[in-house]
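A.B. asks: Dumping the structure here so I can ask a few things about it.
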4 protein chains.
Amino acid sequence: MYLYQQKNKNLNSLGRLFRVHLFGESHGECVGLTIDGCPAGLSLSVEDFLPDLERRKGGTKGTTPRKEDDIPRIITGLFEGRTTGAPITILFDNMNTRSADYEKQREIPRPGHADLVAQQKFGGFSDYRGSGHFSGRLTVCLVAAGVIAKKLVGETGIHADIIEIGGETDPDQGLQKALDARDSIGGIIECRVSGLPLGLGEPFFDPVESLLSHAVFAIPAIRGIEFGTGFAAARMFGSEHNDSIQDQSGKTKTNHAGGIVGGITNGNELVFRVAVKPTSSTPAQQESLNRETGNVEAFSIKGRHDLCIALRVPVILEAVTAIVLADLFLLEQQIKRVL
Amino acid sequence: MYLYQQKNKNLNSLGRLFRVHLFGESHGECVGLTIDGCPAGLSLSVEDFLPDLERRKGGTKGTTPRKEDDIPRIITGLFEGRTTGAPITILFDNMNTRSADYEKQREIPRPGHADLVAQQKFGGFSDYRGSGHFSGRLTVCLVAAGVIAKKLVGETGIHADIIEIGGETDPDQGLQKALDARDSIGGIIECRVSGLPLGLGEPFFDPVESLLSHAVFAIPAIRGIEFGTGFAAARMFGSEHNDSIQDQSGKTKTNHAGGIVGGITNGNELVFRVAVKPTSSTPAQQESLNRETGNVEAFSIKGRHDLCIALRVPVILEAVTAIVLADLFLLEQQIKRVL
Amino acid sequence: MYLYQQKNKNLNSLGRLFRVHLFGESHGECVGLTIDGCPAGLSLSVEDFLPDLERRKGGTKGTTPRKEDDIPRIITGLFEGRTTGAPITILFDNMNTRSADYEKQREIPRPGHADLVAQQKFGGFSDYRGSGHFSGRLTVCLVAAGVIAKKLVGETGIHADIIEIGGETDPDQGLQKALDARDSIGGIIECRVSGLPLGLGEPFFDPVESLLSHAVFAIPAIRGIEFGTGFAAARMFGSEHNDSIQDQSGKTKTNHAGGIVGGITNGNELVFRVAVKPTSSTPAQQESLNRETGNVEAFSIKGRHDLCIALRVPVILEAVTAIVLADLFLLEQQIKRVL
Amino acid sequence: MYLYQQKNKNLNSLGRLFRVHLFGESHGECVGLTIDGCPAGLSLSVEDFLPDLERRKGGTKGTTPRKEDDIPRIITGLFEGRTTGAPITILFDNMNTRSADYEKQREIPRPGHADLVAQQKFGGFSDYRGSGHFSGRLTVCLVAAGVIAKKLVGETGIHADIIEIGGETDPDQGLQKALDARDSIGGIIECRVSGLPLGLGEPFFDPVESLLSHAVFAIPAIRGIEFGTGFAAARMFGSEHNDSIQDQSGKTKTNHAGGIVGGITNGNELVFRVAVKPTSSTPAQQESLNRETGNVEAFSIKGRHDLCIALRVPVILEAVTAIVLADLFLLEQQIKRVL
């Protein structure tokens with residue numbers, strides 16, 4: 001019996017002082033998270049989580065009909081309604097699983113999914129049901145961590161919005177294209193953060209862009225990220241792109257830099273965008289290897305899936321942004337008082 | 001006398017098993033790096049570094065006339081021409097510095113540069129000359145680390161190329177626009193890596209995109225990164241974007257995913273692109289705050305600068321890519337034999 | 001409402017590739033752990049944990065009458081009886097709690113306990129019941145992690161034994177002294193590991209002694225650690241202490257070094273001892289501050305406690321030793337085959 | 001040509017926010033260190049280092065006649081006499097090397113030294129001259145880091161003293177035993193730190209004892225560490241050992257705990273002792289394997305060595321203590337003002 005040691009340095013942790021650990025599988029008992037390093041004294045209740053969890057849930061047009069109650073069970077780190085400084089562990093039970101949908105499909109690794117790489121990386125021992133630990137289901141944990149992180153960063157306003165679905169700036173229009181085509185579709189989300197202090201981020205290897213992009217690409221289906229004018233900057237002259245500094249606070253006339261210079265926040269609004277690919281589980285017919293027959297065969301995905309995963313990304317994007325900022329705030333000792 | 005402790009968690013380290021530490025300032029005695037975790041027995045000489053260092057150097061059209069000899073001094077970790085397993089420290093002396101250029105300009109924080117944020121973040125104690133520790137000069141250390149990393153990843157072919165300057169696919173044409181406008185200009189670089197094994201990268205927080213983007217945004221002037229079809233994926237249907245799997249090795253018919261699914265390399269070519277902003281030090285006239293007068297004033301940048309920093313990025317992009325891959329190879333024990 | 005951010009960088013993680021995270025409180029819902037980085041394919045069942053958990057349990061002479069069932073609930077990372085490579089989370093429910101015992105005593109911080117420091121460090125928000133997150137109850141999680149780690153280090157034989165209680169080499173005799181005196185008592189435990197390969201440990205900051213002692217002092221009540229001849233070495237001549245090397249495998253004639261030279265295992269038996277202080281919760285009368293009255297007052301500890309905590313330490317010491325070795329084995333790629 | 005990758009995860013870094021990286025070899029060009037995370041604005045000059053470096057130097061009775069000038073060269077991170085917040089790199093040139101002494105002895109791995117383990121761990125590629133990277137020479141770097149750390153921890157008084165040489169409380173008497181026997185000898189050093197705040201250290205894996213012992217065992221020749229009453233605690237009753245708390249500041253009547261309860265500083269004096277083995281390079285005749293002949297042979301060590309390495313340990317012990325405390329102070333934001 002061989003262990004596949006060489007293929008499983010699972011490192012499910014993010015952050016240095018505000019640290020988030022994820023665990024769980026889509027069709028196992030639960031998914032969950034531990035937050036280590038959260039300050040003591042923060043008031044916290046199940047209710048605090050519900051609005052953002054609700055935003056993430058499926059059920060409306062274009063998102064999966066699988067619905068979980070998504071009630072967080074806070075099993076450690078809380079005492080008399082406040083954080084204690086000890087690790088906070090939160091579980092989300094999996095109740096609405098239909099593993100049989102996946103069993104049938106086991107022999108055909110789904111294009112765009114981790115099926116084949118997970119099977120090979122972990123020597124055939126990974127939990128294949130519903131993508132197992134690779135599942136988008138784990139983003140419920142990111143959202144929960146984000147709720148706590150948002151409390152820490154206080155008055156900072158973090159807002160992510162859909163700015164494009166399927167090339168249309170009107171999300172409904174873009175989604176309709178997908179519904180008409182009976183296919184899945186991608187989109188672009190923009191995140192803006194106001195009220196950030198000047199000085200977050202570290203040269204040389206921990207600029208804000210590095211920290212944010214590291215966290216952002218942990219969200220399944222993200223294919224690109226750009227800050228400020230981003231890719232458009234590559235087509236600009238320096239005199240157009242440079243943001244004229246107006247005063248000692250760092251305020252600039254324009255904000256092509258998206259609030260970051262030299263990897264450090266400059267006191268202006270933080271602005272970045274991410275590209276979300278179309279849901280890999282499209283209802284359209286596709287081709288893939290059938291490992292049993294060894295042939296490439298046409299097939300259709302079964303199971304309950306989002307037509308446009310981008311629709312659920314905004315609250316997750318806000319969450320990872322808040323997680324990164326909470327860690328930076330703790331590093332920079334910006335957290336002094338929270339109501 | 002106050003210390004500005006709250007504003008200087010400098011974390012100049014990258015990697016887990018192959019670790020790179022940077023140090024130094026543009027106009028100090030030297031810049032340098034320490035590599036910790038490099039396997040013993042790797043043959044290494046000053047000559048090994050020269051080709052990539054030469055590629056990075058300024059001096060041709062559109063790059064800075066400041067030229068350093070850039071001869072690496074390997075002061076530790078090498079014995080009888082081979083690495084010993086102990087940390088490798090390499091210095092690059094700064095010989096060609098003209099600090100006076102910067103002294104004059106100290107009171108006007110340059111737009112697009114870290115001048116103001118560095119000054120405020122470090123309480124006025126940062127070395128402002130030539131951007132100090134924030135300087136692009138430190139990328140010479142990244143290139144040096146990349147030379148060693150490339151040796152470790154062996155037959156893996158890492159190649160980065162300019163695919164666009166100032167919106168033109170012919171770099172010369174794009175550069176000519178800048179020369180004509182007496183302004184700086186941006187560009188886009190694409191990096192491709194062939195020969196990668198399936199299985200690099202880790203769920204949930206260390207997918208390959210996270211690790212690469214983290215490292216890539218340490219390169220000054222990068223404003224965006226996209227993998228595979230990247231931002232274009234946001235406008236595609238799932239049936240278009242999905243790459244049909246052809247065989248058990250993971251080979252796909254198309255490569256829209258850019259060689260990564262579920263955050264894990266899938267055995268196909270790794271492909272990503274980065275956007276490089278126009279050099280902040282444009283020769284064109286700009287406006288910025290004069291901290292002495294308190295007014296926003298027009299001024300022109302002095303000093304020796306690249307018109308198009310993107311021209312020097314390819315070898316640096318290859319270097320950080322190699323650093324990330326070397327770390328993943330060590331984590332995955334892929335390094336078995338190197339000639 | 002102030003957060004006590006400055007006083008709670010909780011860092012409940014150990015290890016680099018085999019990582020253990022702890023969470024939970026003595027009188028909360030449960031205590032638990034997540035193991036990240038465990039190879040896929042390891043067979044694992046609840047039954048595997050029972051023998052070591054049984055060794056740790058109280059209930060015999062000199063240990064606490066509080067008994068928990070201590071049945072591990074493996075809620076993630078296991079599929080069809082084998083590890084998947086994803087994080088393994090295990091919970092131990094707290095069922096046998098009598099918090100009222102502690103409520104009465106809240107105003108008198110117990111000498112030798114973390115009561116006062118926890119209360120002050122976490123701004124009064126820590127869970128004081130049964131020492132909360134500081135409780136020895138969490139060592140059940142260490143033992144569980146140790147069971148998995150022992151499986152990974154395979155044929156390596158890790159054995160810890162009591163060598164002294166209350167100054168007596170016969171543990172029963174030492175314990176009788178405590179029973180007679182109606183007082184708690186300390187002891188010394190020795191741990192021996194055979195079958196270790198030469199070469200584990202890293203200069204300069206991760207010698208085996210550093211890694212082991214770091215983990216060992218996480219066990220409550222440990223006051224000292226010594227390797228090989230330890231403190232006795234301070235009274236020896238070099239010619240007495242040096243172990244003559246006998247052959248290329250590193251075998252030495254004597255083993256005063258306890259199996260480690262230069263911080264690296266040398267292929268001989270690893271030997272170290274730890275000193276365990278007497279249980280702080282002695283039944284004898286003591287004095288401490290009464291925070292309500294502001295006076296130092298005599299009082300007696302209520303609650304269920306071990307008379308000699310050292311009796312329960314051997315299996316915990318084995319566990320942390322196994323955790324450290326599993327991490328080193330993964331770093332050194334010594335794990336190739338496990339039945 | 002094989003790389004010995006499996007045997008060289010060199011991790012020469014200590015600390016989380018105040019991070020020390022070491023590099024260099026005894027008989028190479030230099031030894032050195034980089035400090036990352038030191039606050040900006042700290043005044044620093046070569047003169048600051050000289051007193052502690054002088055304390056560490058050999059040259060008096062019982063220490064090595066090898067003398068280095070040990071003048072630190074601060075090559076980065078300093079500007080106009082103050083730290084900048086960027087990494088501080090300091091070099092110590094090796095000038096007084098007599099490698100020929102070691103060449104002769106290459107085939108006989110010295111008992112008590114890392115010769116054999118280094119050779120095997122690094123596949124024969126390690127620098128064997130004067131123990132290479134394993135050399136006590138690198139402790140000059142620890143002392144240098146300690147000088148900076150001591151500045152950060154400010155009024156905290158860190159003092160280490162020899163309390164025993166060769167079993168004698170009068171160091172001269174103990175040393176005389178060694179001189180008479182023409183043999184090397186061990187000793188015990190005690191370190192005391194006054195003025196520490198209550199609350200340093202973290203449950204569960206980073207108690208102060210863990211952090212200190214981790215750092216302390218990086219000092220070559222340390223074989224044991226004990227806190228407060230240490231091993232003697234194992235022979236005490238709880239009622240004897242417990243320190244009665246006197247007031248809300250945490251002051252205790254006795255200090256058997258050595259200033260730490262529950263892994264957290266309790267506001268009393270921190271007290272710990274370390275055992276130092278006799279110098280492995282004894283002038284007495286010894287036996288070891290001759291790798292050329294394959295026989296165990298008698299031989300005598302050549303080269304310049306300390307008869308009692310313990311004599312040089314106090315300032316090094318203070319240094320690692322200061323390094324650990326500086327990191328904890330930064331984590332706990334205790335550094336606010338330094339003159």
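Chain labels run A, B, ... following the order of the structure tokens; each chain numbers its residues from 1, and ligands are numbered from 1 in the order shown.
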If we count only C-alpha atoms and set the cut-off at 7 Å, which residues sit around A:Ile309, ignoring sequence neighbours fewer than 2 positions away in its own chain? Please answer as a PyMOL selection string.
C.D. replies: chain A and resi 63+278-279+306-307+311-313
A.B. asks: Check every residue of chain A for an atom within 10 Å of chain D, counting only C-alpha atoms, and provide those that qualify as a list of chain:residue names.
C.D. replies: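 Going by the stated atoms only, the list reads A:Arg16, A:Leu17, A:Gly85, A:Ala86, A:Pro87, A:Glu202, A:Pro203, A:Phe204, A:Leu330, A:Leu331, A:Glu332, A:Gln333.
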A.B. asks: I need the helix (DSSP H, G or I) residues of stretch 24-163 of chain C per DSSP on the backbone, written as a ChimeraX atom specification.
C.D. replies: /C:46-56,100-103,115-121,129-134,136-153
A.B. asks: Take the residues from that selection and write them out as a PDB file, in the first residue's frame, keeping C-alpha atoms.
C.D. replies:
ATOM      1  CA  VAL C  46     -11.954   5.625  15.068  1.00  0.00           C
ATOM      2  CA  GLU C  47     -10.536   2.411  16.499  1.00  0.00           C
ATOM      3  CA  ASP C  48      -6.992   3.522  15.644  1.00  0.00           C
ATOM      4  CA  PHE C  49      -7.282   6.302  18.212  1.00  0.00           C
ATOM      5  CA  LEU C  50      -8.697   4.374  21.136  1.00  0.00           C
ATOM      6  CA  PRO C  51      -5.568   2.773  22.636  1.00  0.00           C
ATOM      7  CA  ASP C  52      -3.633   6.041  22.952  1.00  0.00           C
ATOM      8  CA  LEU C  53      -6.717   7.953  24.046  1.00  0.00           C
ATOM      9  CA  GLU C  54      -7.260   5.319  26.721  1.00  0.00           C
ATOM     10  CA  ARG C  55      -3.671   5.747  27.932  1.00  0.00           C
ATOM     11  CA  ARG C  56      -4.272   9.474  28.321  1.00  0.00           C
ATOM     12  CA  ALA C 100     -20.280  25.512  38.448  1.00  0.00           C
ATOM     13  CA  ASP C 101     -17.119  24.309  40.185  1.00  0.00           C
ATOM     14  CA  TYR C 102     -15.268  27.090  38.453  1.00  0.00           C
ATOM     15  CA  GLU C 103     -17.852  29.806  38.744  1.00  0.00           C
ATOM     16  CA  ASP C 115      -6.328  32.317  35.200  1.00  0.00           C
ATOM     17  CA  LEU C 116      -4.844  35.733  35.838  1.00  0.00           C
ATOM     18  CA  VAL C 117      -2.674  35.988  32.714  1.00  0.00           C
ATOM     19  CA  ALA C 118      -5.516  34.782  30.479  1.00  0.00           C
ATOM     20  CA  GLN C 119      -7.920  37.231  32.018  1.00  0.00           C
ATOM     21  CA  GLN C 120      -5.505  40.116  31.536  1.00  0.00           C
ATOM     22  CA  LYS C 121      -4.079  39.077  28.162  1.00  0.00           C
ATOM     23  CA  ARG C 129     -14.347  27.807  32.885  1.00  0.00           C
ATOM     24  CA  GLY C 130     -11.923  24.975  33.453  1.00  0.00           C
ATOM     25  CA  SER C 131      -9.066  27.092  32.063  1.00  0.00           C
ATOM     26  CA  GLY C 132     -10.891  27.448  28.717  1.00  0.00           C
ATOM     27  CA  HIS C 133      -8.536  27.129  25.776  1.00  0.00           C
ATOM     28  CA  PHE C 134      -5.571  26.782  28.184  1.00  0.00           C
ATOM     29  CA  GLY C 136      -5.110  20.261  29.685  1.00  0.00           C
ATOM     30  CA  ARG C 137      -8.276  18.955  28.033  1.00  0.00           C
ATOM     31  CA  LEU C 138      -6.780  20.055  24.711  1.00  0.00           C
ATOM     32  CA  THR C 139      -4.039  17.458  25.054  1.00  0.00           C
ATOM     33  CA  VAL C 140      -6.623  14.946  23.860  1.00  0.00           C
ATOM     34  CA  CYS C 141      -6.182  16.639  20.480  1.00  0.00           C
ATOM     35  CA  LEU C 142      -2.417  16.277  20.666  1.00  0.00           C
ATOM     36  CA  VAL C 143      -2.838  12.574  21.319  1.00  0.00           C
ATOM     37  CA  ALA C 144      -5.161  12.261  18.320  1.00  0.00           C
ATOM     38  CA  ALA C 145      -2.686  14.053  16.073  1.00  0.00           C
ATOM     39  CA  GLY C 146       0.005  11.798  17.468  1.00  0.00           C
ATOM     40  CA  VAL C 147      -1.905   8.678  16.441  1.00  0.00           C
ATOM     41  CA  ILE C 148      -1.891   9.836  12.824  1.00  0.00           C
ATOM     42  CA  ALA C 149       1.721  10.986  13.037  1.00  0.00           C
ATOM     43  CA  LYS C 150       2.799   7.632  14.452  1.00  0.00           C
ATOM     44  CA  LYS C 151       1.253   5.917  11.442  1.00  0.00           C
ATOM     45  CA  LEU C 152       3.313   8.141   9.175  1.00  0.00           C
ATOM     46  CA  VAL C 153       6.659   7.585  10.850  1.00  0.00           C
TER      47      VAL C 153
END
A.B. asks: Enumerate, in order of chain and increasing residue number, the residues of stretch 262-321 of chain C with an atom no farther than 7 Å from stretch 178-189 of chain C, each with its shortest atom pair and distance in Å to one decimal, counting only C-alpha atoms, as JSON lines.
C.D. replies:
{"residue": "C:Arg273", "atom": "CA", "partner": "C:Ile189", "partner_atom": "CA", "distance": 5.6}
{"residue": "C:Val274", "atom": "CA", "partner": "C:Ile189", "partner_atom": "CA", "distance": 5.4}
{"residue": "C:Ala275", "atom": "CA", "partner": "C:Ile188", "partner_atom": "CA", "distance": 4.7}
{"residue": "C:Val276", "atom": "CA", "partner": "C:Gly187", "partner_atom": "CA", "distance": 5.2}
{"residue": "C:Lys277", "atom": "CA", "partner": "C:Gly186", "partner_atom": "CA", "distance": 4.6}
{"residue": "C:Pro278", "atom": "CA", "partner": "C:Gly186", "partner_atom": "CA", "distance": 3.8}
{"residue": "C:Thr279", "atom": "CA", "partner": "C:Ser184", "partner_atom": "CA", "distance": 5.5}
{"residue": "C:Thr282", "atom": "CA", "partner": "C:Ser184", "partner_atom": "CA", "distance": 4.9}
{"residue": "C:Pro283", "atom": "CA", "partner": "C:Asp183", "partner_atom": "CA", "distance": 5.7}
{"residue": "C:Ala284", "atom": "CA", "partner": "C:Asp183", "partner_atom": "CA", "distance": 5.4}
{"residue": "C:Leu307", "atom": "CA", "partner": "C:Ser184", "partner_atom": "CA", "distance": 4.6}
{"residue": "C:Cys308", "atom": "CA", "partner": "C:Ile185", "partner_atom": "CA", "distance": 5.3}
{"residue": "C:Ala310", "atom": "CA", "partner": "C:Gly187", "partner_atom": "CA", "distance": 5.5}
{"residue": "C:Pro314", "atom": "CA", "partner": "C:Ile189", "partner_atom": "CA", "distance": 6.5}
A.B. asks: Using only C-alpha atoms, determine which residues lie at most 12 Å from C:Ile75, disregarding the query and same-chain residues fewer than 2 positions distant; provide the list as a CSV table (one decimal) with N, CA and C atoms, in the first residue's frame.
C.D. replies:
chain,number,residue,atom,x,y,z
A,23,PHE,N,-11.6,23.5,5.9
A,23,PHE,CA,-11.6,22.1,5.8
A,23,PHE,C,-13.0,21.6,5.4
A,24,GLY,N,-13.1,20.4,4.9
A,24,GLY,CA,-14.4,19.8,4.6
A,24,GLY,C,-14.6,19.5,3.1
A,25,GLU,N,-15.6,18.8,2.8
A,25,GLU,CA,-15.9,18.3,1.4
A,25,GLU,C,-17.4,18.6,1.1
A,27,HIS,N,-19.7,16.8,-0.2
A,27,HIS,CA,-20.6,15.8,0.1
A,27,HIS,C,-20.3,15.0,1.4
A,28,GLY,N,-19.4,15.5,2.2
A,28,GLY,CA,-19.0,14.9,3.4
A,28,GLY,C,-20.0,15.4,4.5
A,29,GLU,N,-19.6,15.3,5.8
A,29,GLU,CA,-20.5,15.7,6.9
A,29,GLU,C,-20.7,17.2,6.9
A,30,CYS,N,-19.6,17.9,6.7
A,30,CYS,CA,-19.7,19.4,6.8
A,30,CYS,C,-18.6,20.0,6.1
A,31,VAL,N,-18.6,21.3,5.9
A,31,VAL,CA,-17.5,22.1,5.6
A,31,VAL,C,-17.3,23.1,6.8
A,32,GLY,N,-16.1,23.6,6.9
A,32,GLY,CA,-15.9,24.4,8.1
A,32,GLY,C,-14.6,25.2,8.0
A,91,LEU,N,-18.8,25.5,11.8
A,91,LEU,CA,-19.2,24.4,10.9
A,91,LEU,C,-20.4,24.7,10.1
A,92,PHE,N,-20.5,24.2,8.9
A,92,PHE,CA,-21.7,24.3,8.1
A,92,PHE,C,-22.0,22.8,7.7
A,93,ASP,N,-23.1,22.3,8.2
A,93,ASP,CA,-23.5,21.0,7.9
A,93,ASP,C,-23.9,20.9,6.4
A,94,ASN,N,-23.5,19.7,5.8
A,94,ASN,CA,-24.0,19.5,4.5
A,94,ASN,C,-25.3,18.6,4.6
C,32,GLY,N,-11.0,20.3,19.5
C,32,GLY,CA,-10.8,19.6,18.2
C,32,GLY,C,-9.5,20.0,17.6
C,33,LEU,N,-9.2,19.4,16.4
C,33,LEU,CA,-8.0,19.7,15.7
C,33,LEU,C,-8.2,19.5,14.2
C,34,THR,N,-7.4,20.2,13.5
C,34,THR,CA,-7.3,20.0,12.0
C,34,THR,C,-5.9,19.6,11.7
C,35,ILE,N,-5.7,18.6,10.9
C,35,ILE,CA,-4.4,18.2,10.4
C,35,ILE,C,-4.4,18.5,9.0
C,45,SER,N,-9.2,4.9,11.2
C,45,SER,CA,-10.6,4.6,11.7
C,45,SER,C,-10.6,5.1,13.1
C,46,VAL,N,-11.8,5.2,13.7
C,46,VAL,CA,-12.0,5.6,15.1
C,46,VAL,C,-11.2,4.7,16.0
C,72,PRO,N,-13.3,10.1,19.2
C,72,PRO,CA,-13.1,11.1,18.1
C,72,PRO,C,-14.1,11.1,17.1
C,73,ARG,N,-14.6,12.2,16.7
C,73,ARG,CA,-15.5,12.3,15.5
C,73,ARG,C,-14.7,12.9,14.4
C,77,GLY,N,-11.9,14.9,5.6
C,77,GLY,CA,-10.6,14.4,5.2
C,77,GLY,C,-10.5,12.9,5.1
C,78,LEU,N,-11.6,12.2,5.4
C,78,LEU,CA,-11.6,10.8,5.3
C,78,LEU,C,-12.6,10.3,4.3
C,79,PHE,N,-12.3,9.4,3.5
C,79,PHE,CA,-13.3,8.9,2.5
C,79,PHE,C,-13.0,7.4,2.3
C,83,THR,N,-7.4,8.5,4.2
C,83,THR,CA,-7.2,9.9,4.1
C,83,THR,C,-7.2,10.3,2.7
C,86,ALA,N,-6.9,15.9,1.8
C,86,ALA,CA,-7.6,17.2,2.3
C,86,ALA,C,-7.5,17.2,3.8
C,87,PRO,N,-7.7,18.4,4.4
C,87,PRO,CA,-7.5,18.5,5.9
C,87,PRO,C,-8.4,17.6,6.6
C,88,ILE,N,-7.9,17.0,7.7
C,88,ILE,CA,-8.6,16.1,8.6
C,88,ILE,C,-9.0,16.9,9.8
C,89,THR,N,-10.3,17.0,10.0
C,89,THR,CA,-10.8,17.6,11.2
C,89,THR,C,-11.4,16.6,12.2
C,90,ILE,N,-11.0,16.7,13.4
C,90,ILE,CA,-11.5,15.7,14.4
C,90,ILE,C,-12.0,16.5,15.6
C,91,LEU,N,-13.2,16.1,16.1
C,91,LEU,CA,-13.8,16.7,17.2
C,91,LEU,C,-13.9,15.8,18.4
C,92,PHE,N,-13.8,16.3,19.6
C,92,PHE,CA,-14.1,15.6,20.8
C,92,PHE,C,-15.1,16.4,21.6
A.B. asks: In stretch 130-297 of chain C, what's strand (DSSP E) per DSSP? Answer as a ChimeraX atom specification?
C.D. replies: /C:157-165,187-194,222-227,260-261,264-265,270-276,286-289,296-297
A.B. asks: Can you tell me which residues surround stretch 207-220 of chain B at a distance of at most 8 Å, considering only C-alpha atoms, apart from same-chain residues fewer than 3 positions away, and format the answer as a VMD selection string?
C.D. replies: (chain A and resid 203 to 207 209 to 211 213 to 218 262 to 263) or (chain B and resid 14 136 139 200 to 204 223 225 227 260 262 to 265 316 to 317 320 to 321 324)
A.B. asks: Just to confirm, what's the straight-line distance from atom CA of D:Glu318 to atom CA of D:Ala221 in Å (one decimal)?
C.D. replies: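 Separating atom CA of D:Glu318 from atom CA of D:Ala221 is a distance of 15.6 Å.
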A.B. asks: For A:Glu107, find every residue with an atom within 12 Å (counting only C-alpha atoms), except residues of its own chain fewer than 5 positions away, and show them as a ChimeraX atom specification.
C.D. replies: /A:102,115-116,119,128,288-297,299 /B:248
A.B. asks: Keeping only N, CA and C atoms, write those residues as an mmCIF file, in the first residue's frame.
C.D. replies:
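The resulting selection00.cif:
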data_model
loop_
_atom_site.group_PDB
_atom_site.id
_atom_site.type_symbol
_atom_site.label_atom_id
_atom_site.label_comp_id
_atom_site.auth_asym_id
_atom_site.auth_seq_id
_atom_site.Cartn_x
_atom_site.Cartn_y
_atom_site.Cartn_z
ATOM 1 N N TYR A 102 -23.216 12.214 -8.895
ATOM 2 C CA TYR A 102 -21.791 12.218 -9.232
ATOM 3 C C TYR A 102 -21.261 10.826 -9.503
ATOM 4 N N ASP A 115 -11.579 17.221 -11.471
ATOM 5 C CA ASP A 115 -11.746 15.772 -11.346
ATOM 6 C C ASP A 115 -10.462 14.988 -11.653
ATOM 7 N N LEU A 116 -9.913 15.224 -12.826
ATOM 8 C CA LEU A 116 -8.761 14.424 -13.230
ATOM 9 C C LEU A 116 -7.517 14.769 -12.415
ATOM 10 N N GLN A 119 -7.818 13.411 -8.882
ATOM 11 C CA GLN A 119 -7.683 11.958 -8.854
ATOM 12 C C GLN A 119 -6.209 11.577 -8.967
ATOM 13 N N TYR A 128 -14.317 12.260 -4.584
ATOM 14 C CA TYR A 128 -14.720 12.802 -5.890
ATOM 15 C C TYR A 128 -16.130 13.385 -5.880
ATOM 16 N N SER A 288 -15.396 14.560 -23.428
ATOM 17 C CA SER A 288 -14.276 14.313 -22.527
ATOM 18 C C SER A 288 -13.918 12.840 -22.595
ATOM 19 N N LEU A 289 -12.784 12.540 -21.982
ATOM 20 C CA LEU A 289 -12.325 11.160 -21.913
ATOM 21 C C LEU A 289 -13.277 10.328 -21.055
ATOM 22 N N ASN A 290 -13.620 9.146 -21.537
ATOM 23 C CA ASN A 290 -14.256 8.158 -20.674
ATOM 24 C C ASN A 290 -13.158 7.201 -20.253
ATOM 25 N N ARG A 291 -12.822 7.239 -18.972
ATOM 26 C CA ARG A 291 -11.670 6.451 -18.525
ATOM 27 C C ARG A 291 -11.918 4.946 -18.592
ATOM 28 N N GLU A 292 -13.189 4.587 -18.619
ATOM 29 C CA GLU A 292 -13.487 3.162 -18.698
ATOM 30 C C GLU A 292 -13.252 2.628 -20.118
ATOM 31 N N THR A 293 -13.768 3.375 -21.075
ATOM 32 C CA THR A 293 -13.631 2.926 -22.461
ATOM 33 C C THR A 293 -12.323 3.403 -23.093
ATOM 34 N N GLY A 294 -11.744 4.463 -22.495
ATOM 35 C CA GLY A 294 -10.522 5.012 -23.087
ATOM 36 C C GLY A 294 -10.809 5.924 -24.272
ATOM 37 N N ASN A 295 -12.090 6.121 -24.572
ATOM 38 C CA ASN A 295 -12.444 6.981 -25.713
ATOM 39 C C ASN A 295 -12.878 8.370 -25.268
ATOM 40 N N VAL A 296 -12.737 9.304 -26.160
ATOM 41 C CA VAL A 296 -13.319 10.625 -25.935
ATOM 42 C C VAL A 296 -14.780 10.553 -26.370
ATOM 43 N N GLU A 297 -15.679 10.888 -25.436
ATOM 44 C CA GLU A 297 -17.098 10.710 -25.705
ATOM 45 C C GLU A 297 -17.889 11.973 -25.410
ATOM 46 N N PHE A 299 -20.997 13.894 -23.748
ATOM 47 C CA PHE A 299 -21.807 13.654 -22.546
ATOM 48 C C PHE A 299 -22.411 14.978 -22.097
ATOM 49 N N GLN B 248 -5.574 10.109 -20.464
ATOM 50 C CA GLN B 248 -5.316 9.969 -19.037
ATOM 51 C C GLN B 248 -4.179 10.899 -18.561
#
